[in-house]
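Chemist: My questions all concern the structure below.
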Amino acid sequence: MAGISGLKFVEDVIFVYTMRMVENRRGMFRRAFSAASMFGFGWAGTASHKDQFAAGSEVKLPNIHVIRPEVAQKNDVLVSRKIVNELDRTKLNIRLYQYETCPFCCKVRAYLDYHGFSYEIVEVNPVTRSQIKFSTDYKKVPIVRVNDEVSLTESSLVISQLATLLIRPDRDMKEVLSMYPSVESTDDKGKPVLAHPNKYFVMQERSGTVAEMAAAKEEREWREWVDSHFIHLISPNVYRSWNESLETFRWFQEVGDWHRTFPSWERCLAVYAGAAAMWGLSKRLKKRHNIDDEREAMRSACDKWMAAVGPTRKFMGGDRPNLADLSLYGAMQSFYGCAAFKECCSTGPIAEWYARMKAAVDRREGAHLLAARK
């Protein structure tokens, strides 16, 4: 017991010291606060899963390798890990700048993994954001760099652009980007922003059948539901108390591999300042989104999703996941390790759907599209 008490004392001292640092570094605190608001919870597995499945599977699994560099290359940042698929011949050289447990980043990873892309991951420090200093105008994550030339931003827009590229082998990335024009708009605070009205659209080469257009419309509507509703339920659930908030950020530190990528003082600041900021923010988020009981709201959202999928479909996309499936799965991956997931998503139809999604993503069952693109 003495060891436990001693550890608790040390943690309390660190917390007090950290909060004093925060008071003296309000600019850095605001950055930690902003970064924390992007976080969800969890781990989107990217290690090789090939050996977990029995021989004779109908799905030909790509040979996925995961490399974890120990040092940064000259004049470059440290890459957290590299996911390499020998079947990916697109030569896109994708690099994802992310927070490991940000639901928007988890959505992008779910898409990349399901389709078997080769890509690099750079974990961004939520306090300093030094890894994305190249991006002078845009300081959010995820940022996807293609061939170190083009930056793709906004998770749903990124997914639509990459999905269009996959099904349009006659088009290059520059041509695909021209299909998604931006328009000047304002956000809910009245600040000027650039919006992409068709960010949920995958730009098909031809018009589909009536059934195909109806399926595409359903996919778009539920992708938007994930962004506008489901993701807003995550923070009030995982930060609803100080203990739960601190537990969440300690998990961030573990799954984000912060001990390898960030110095100790930055880890300490991110954990304690982030937990304190999000604990306070979660109360305001509940009020802003009219949430009375955060757990019940999460259960209700899961029930609504499963009602839409229905009893005869494996996924919203039918026998295979569509982009709405991947979006919700990615968002759920961001908090799968916390109490909210265990209480709301680990039993019943949503748990069965989640298990099917995890198997499909782990097996890279969408890699056939990537292999077909030369």
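Labels for the structure tokens follow display order: chains A, B, ..., residues from 1 in each chain, ligands from 1.
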I'd like to know which residues of stretch 227-256 of chain A are helix (DSSP H, G or I) (by DSSP, run on the backbone); could you write them as a list in words?

Modeler: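 Output for stretch 227-256 of chain A, helix (DSSP H, G or I) only: Asp227, Ser228, Phe230, Ile231, His232, Leu233, Ile234, Ser235, Pro236, Asn237, Val238, Trp242, Asn243, Glu244, Ser245, Leu246, Glu247, Thr248, Phe249, Arg250, Trp251, Phe252, Gln253, Glu254 and Val255 of chain A.
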
Chemist: Write out as an mmCIF file with all heavy atoms, in the first residue's frame the residues lying within 6 Å of stretch 246-260 of chain A, counting only C-alpha atoms and excluding same-chain residues fewer than 5 positions away.

Modeler:
data_model
loop_
_atom_site.group_PDB
_atom_site.id
_atom_site.type_symbol
_atom_site.label_atom_id
_atom_site.label_comp_id
_atom_site.auth_asym_id
_atom_site.auth_seq_id
_atom_site.Cartn_x
_atom_site.Cartn_y
_atom_site.Cartn_z
ATOM 1 N N GLU A 100 -3.733 9.667 -32.412
ATOM 2 C CA GLU A 100 -4.116 8.257 -32.479
ATOM 3 C C GLU A 100 -5.575 8.028 -32.102
ATOM 4 O O GLU A 100 -6.240 7.169 -32.666
ATOM 5 C CB GLU A 100 -3.210 7.422 -31.563
ATOM 6 C CG GLU A 100 -3.469 5.928 -31.594
ATOM 7 C CD GLU A 100 -3.048 5.274 -32.903
ATOM 8 O OE1 GLU A 100 -2.083 5.755 -33.518
ATOM 9 O OE2 GLU A 100 -3.697 4.298 -33.313
ATOM 10 N N VAL A 271 -1.317 15.063 -20.802
ATOM 11 C CA VAL A 271 -2.203 14.189 -20.033
ATOM 12 C C VAL A 271 -3.019 14.983 -19.030
ATOM 13 O O VAL A 271 -4.260 14.923 -19.010
ATOM 14 C CB VAL A 271 -1.406 13.080 -19.321
ATOM 15 C CG1 VAL A 271 -2.282 12.357 -18.295
ATOM 16 C CG2 VAL A 271 -0.873 12.077 -20.335
ATOM 17 N N ALA A 275 -6.756 16.337 -19.709
ATOM 18 C CA ALA A 275 -7.820 15.743 -18.893
ATOM 19 C C ALA A 275 -8.631 16.820 -18.188
ATOM 20 O O ALA A 275 -9.869 16.753 -18.125
ATOM 21 C CB ALA A 275 -7.223 14.772 -17.883
#

Chemist: Going by DSSP on the backbone, which bits of stretch 55-281 of chain A are strand (DSSP E)? Write them as a JSON list (two decimals) with N, CA, C and O atoms, in the first residue's frame, please.

Modeler:
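Final file, result.json:
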[["chain", "number", "residue", "atom", "x", "y", "z"],
["A", 64, "ILE", "N", 0.57, -7.60, -45.25],
["A", 64, "ILE", "CA", 0.76, -6.30, -44.61],
["A", 64, "ILE", "C", 1.94, -6.35, -43.65],
["A", 64, "ILE", "O", 2.06, -7.27, -42.83],
["A", 65, "HIS", "N", 2.83, -5.39, -43.77],
["A", 65, "HIS", "CA", 3.96, -5.26, -42.85],
["A", 65, "HIS", "C", 3.84, -3.93, -42.11],
["A", 65, "HIS", "O", 3.44, -2.92, -42.69],
["A", 66, "VAL", "N", 4.21, -3.94, -40.84],
["A", 66, "VAL", "CA", 4.21, -2.72, -40.04],
["A", 66, "VAL", "C", 5.63, -2.48, -39.54],
["A", 66, "VAL", "O", 6.24, -3.35, -38.92],
["A", 67, "ILE", "N", 6.15, -1.31, -39.84],
["A", 67, "ILE", "CA", 7.51, -0.94, -39.46],
["A", 67, "ILE", "C", 7.43, 0.24, -38.50],
["A", 67, "ILE", "O", 6.71, 1.21, -38.76],
["A", 81, "ARG", "N", 4.74, 4.83, -37.35],
["A", 81, "ARG", "CA", 4.78, 3.51, -37.97],
["A", 81, "ARG", "C", 4.49, 3.64, -39.47],
["A", 81, "ARG", "O", 3.85, 4.59, -39.91],
["A", 82, "LYS", "N", 4.95, 2.64, -40.20],
["A", 82, "LYS", "CA", 4.71, 2.54, -41.63],
["A", 82, "LYS", "C", 3.92, 1.27, -41.89],
["A", 82, "LYS", "O", 4.31, 0.19, -41.44],
["A", 83, "ILE", "N", 2.82, 1.39, -42.60],
["A", 83, "ILE", "CA", 2.01, 0.24, -43.00],
["A", 83, "ILE", "C", 2.30, 0.00, -44.47],
["A", 83, "ILE", "O", 2.08, 0.88, -45.31],
["A", 84, "VAL", "N", 2.80, -1.18, -44.78],
["A", 84, "VAL", "CA", 3.24, -1.49, -46.15],
["A", 84, "VAL", "C", 2.44, -2.67, -46.69],
["A", 84, "VAL", "O", 2.41, -3.74, -46.10],
["A", 85, "ASN", "N", 1.79, -2.45, -47.82],
["A", 85, "ASN", "CA", 1.05, -3.49, -48.54],
["A", 85, "ASN", "C", 1.72, -3.70, -49.88],
["A", 85, "ASN", "O", 1.77, -2.79, -50.71],
["A", 94, "ILE", "N", 1.42, 8.05, -49.18],
["A", 94, "ILE", "CA", 0.52, 8.71, -48.25],
["A", 94, "ILE", "C", 1.16, 8.81, -46.86],
["A", 94, "ILE", "O", 1.74, 7.84, -46.36],
["A", 95, "ARG", "N", 1.04, 9.96, -46.28],
["A", 95, "ARG", "CA", 1.46, 10.15, -44.89],
["A", 95, "ARG", "C", 0.30, 10.80, -44.12],
["A", 95, "ARG", "O", -0.20, 11.85, -44.53],
["A", 96, "LEU", "N", -0.10, 10.19, -43.04],
["A", 96, "LEU", "CA", -1.21, 10.66, -42.21],
["A", 96, "LEU", "C", -0.67, 11.31, -40.95],
["A", 96, "LEU", "O", -0.01, 10.65, -40.14],
["A", 97, "TYR", "N", -0.95, 12.59, -40.77],
["A", 97, "TYR", "CA", -0.63, 13.30, -39.53],
["A", 97, "TYR", "C", -1.87, 13.25, -38.66],
["A", 97, "TYR", "O", -2.95, 13.67, -39.09],
["A", 98, "GLN", "N", -1.74, 12.76, -37.44],
["A", 98, "GLN", "CA", -2.91, 12.40, -36.67],
["A", 98, "GLN", "C", -2.70, 12.50, -35.16],
["A", 98, "GLN", "O", -1.59, 12.66, -34.68],
["A", 119, "TYR", "N", 0.83, 3.34, -46.13],
["A", 119, "TYR", "CA", 0.90, 4.73, -45.67],
["A", 119, "TYR", "C", 1.75, 4.84, -44.41],
["A", 119, "TYR", "O", 2.01, 3.84, -43.73],
["A", 120, "GLU", "N", 2.17, 6.05, -44.13],
["A", 120, "GLU", "CA", 2.94, 6.35, -42.93],
["A", 120, "GLU", "C", 2.06, 7.12, -41.96],
["A", 120, "GLU", "O", 1.16, 7.86, -42.37],
["A", 121, "ILE", "N", 2.35, 6.95, -40.68],
["A", 121, "ILE", "CA", 1.62, 7.67, -39.64],
["A", 121, "ILE", "C", 2.61, 8.51, -38.84],
["A", 121, "ILE", "O", 3.64, 8.01, -38.39],
["A", 122, "VAL", "N", 2.27, 9.77, -38.67],
["A", 122, "VAL", "CA", 3.04, 10.66, -37.80],
["A", 122, "VAL", "C", 2.12, 11.12, -36.68],
["A", 122, "VAL", "O", 1.07, 11.72, -36.94],
["A", 123, "GLU", "N", 2.49, 10.80, -35.45],
["A", 123, "GLU", "CA", 1.71, 11.23, -34.30],
["A", 123, "GLU", "C", 2.06, 12.69, -33.98],
["A", 123, "GLU", "O", 3.23, 13.03, -33.79],
["A", 143, "ILE", "N", -4.39, 15.44, -41.26],
["A", 143, "ILE", "CA", -3.87, 15.97, -42.52],
["A", 143, "ILE", "C", -3.24, 14.79, -43.26],
["A", 143, "ILE", "O", -2.43, 14.06, -42.69],
["A", 144, "VAL", "N", -3.64, 14.61, -44.50],
["A", 144, "VAL", "CA", -3.06, 13.55, -45.32],
["A", 144, "VAL", "C", -2.22, 14.19, -46.41],
["A", 144, "VAL", "O", -2.72, 14.99, -47.21],
["A", 145, "ARG", "N", -0.93, 13.85, -46.41],
["A", 145, "ARG", "CA", -0.04, 14.35, -47.45],
["A", 145, "ARG", "C", 0.13, 13.27, -48.52],
["A", 145, "ARG", "O", 0.34, 12.09, -48.20],
["A", 146, "VAL", "N", 0.03, 13.67, -49.77],
["A", 146, "VAL", "CA", 0.20, 12.76, -50.89],
["A", 146, "VAL", "C", 1.44, 13.17, -51.67],
["A", 146, "VAL", "O", 1.53, 14.31, -52.15],
["A", 150, "VAL", "N", 0.69, 17.43, -51.91],
["A", 150, "VAL", "CA", -0.70, 17.83, -51.73],
["A", 150, "VAL", "C", -1.15, 17.48, -50.33],
["A", 150, "VAL", "O", -0.89, 16.38, -49.84],
["A", 151, "SER", "N", -1.81, 18.41, -49.67],
["A", 151, "SER", "CA", -2.38, 18.17, -48.34],
["A", 151, "SER", "C", -3.89, 18.01, -48.47],
["A", 151, "SER", "O", -4.57, 18.89, -49.02],
["A", 152, "LEU", "N", -4.40, 16.90, -47.96],
["A", 152, "LEU", "CA", -5.84, 16.66, -47.91],
["A", 152, "LEU", "C", -6.30, 16.86, -46.47],
["A", 152, "LEU", "O", -5.68, 16.36, -45.54],
["A", 153, "THR", "N", -7.39, 17.59, -46.29],
["A", 153, "THR", "CA", -7.89, 17.88, -44.95],
["A", 153, "THR", "C", -9.39, 17.62, -44.87],
["A", 153, "THR", "O", -10.07, 17.52, -45.89],
["A", 183, "VAL", "N", -16.08, 26.61, -51.40],
["A", 183, "VAL", "CA", -16.81, 27.87, -51.44],
["A", 183, "VAL", "C", -16.64, 28.56, -50.09],
["A", 183, "VAL", "O", -16.46, 27.90, -49.06],
["A", 184, "GLU", "N", -16.68, 29.87, -50.10],
["A", 184, "GLU", "CA", -16.55, 30.62, -48.86],
["A", 184, "GLU", "C", -17.85, 30.53, -48.06],
["A", 184, "GLU", "O", -18.94, 30.67, -48.61],
["A", 185, "SER", "N", -17.69, 30.30, -46.76],
["A", 185, "SER", "CA", -18.85, 30.16, -45.90],
["A", 185, "SER", "C", -18.47, 30.66, -44.51],
["A", 185, "SER", "O", -17.39, 31.24, -44.32],
["A", 186, "THR", "N", -19.34, 30.46, -43.53],
["A", 186, "THR", "CA", -19.05, 30.82, -42.15],
["A", 186, "THR", "C", -19.41, 29.64, -41.25],
["A", 186, "THR", "O", -20.34, 28.87, -41.56],
["A", 192, "PRO", "N", -15.20, 33.09, -40.99],
["A", 192, "PRO", "CA", -15.14, 32.65, -42.40],
["A", 192, "PRO", "C", -14.38, 31.33, -42.52],
["A", 192, "PRO", "O", -13.33, 31.13, -41.91],
["A", 193, "VAL", "N", -14.93, 30.42, -43.29],
["A", 193, "VAL", "CA", -14.31, 29.13, -43.54],
["A", 193, "VAL", "C", -14.53, 28.76, -45.00],
["A", 193, "VAL", "O", -15.38, 29.33, -45.68],
["A", 194, "LEU", "N", -13.75, 27.78, -45.47],
["A", 194, "LEU", "CA", -13.95, 27.22, -46.79],
["A", 194, "LEU", "C", -14.73, 25.91, -46.65],
["A", 194, "LEU", "O", -14.34, 25.03, -45.89],
["A", 195, "ALA", "N", -15.83, 25.81, -47.34],
["A", 195, "ALA", "CA", -16.66, 24.61, -47.27],
["A", 195, "ALA", "C", -16.64, 23.88, -48.61],
["A", 195, "ALA", "O", -16.38, 24.48, -49.66]]

Chemist: Under the rule that only C-alpha atoms are counted, which of A:Glu212, A:Asp113, A:Asp170, A:Glu294 is the nearest residue to A:Ser241?

Modeler: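 When distances to A:Ser241 are compared using only C-alpha atoms, the smallest one comes from A:Glu294.
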
Chemist: Go through A:Ala324, A:Pro311, A:Ser300, A:Met203 and flag the residue nearest A:Trp222, using only C-alpha atoms for the distances.

Modeler: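 Smallest distance to A:Trp222 is found for A:Ala324.
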
Chemist: With only C-alpha atoms as the atoms that count, which of A:His368, A:Arg171, A:Lys133, A:His232 lies nearest to A:Arg284?

Modeler: A:His232

Chemist: So that I can check the surroundings of A:Glu266, please list as a list in words every protein, DNA and RNA residue that reaches within 9 Å of it, counting only C-alpha atoms and ignoring chain neighbours fewer than 6 positions away.

Modeler: Asn125, Pro126, Val127 and Thr128 of chain A

Chemist: Give me a file of those residues, with C-alpha atoms, as a PDB file, in the first residue's frame.

Modeler:
ATOM      1  CA  ASN A 125       2.117  16.455 -30.376  1.00  0.00           C
ATOM      2  CA  PRO A 126      -1.184  17.924 -29.118  1.00  0.00           C
ATOM      3  CA  VAL A 127       0.630  20.721 -27.289  1.00  0.00           C
ATOM      4  CA  THR A 128       3.307  21.970 -29.683  1.00  0.00           C
TER       5      THR A 128
END
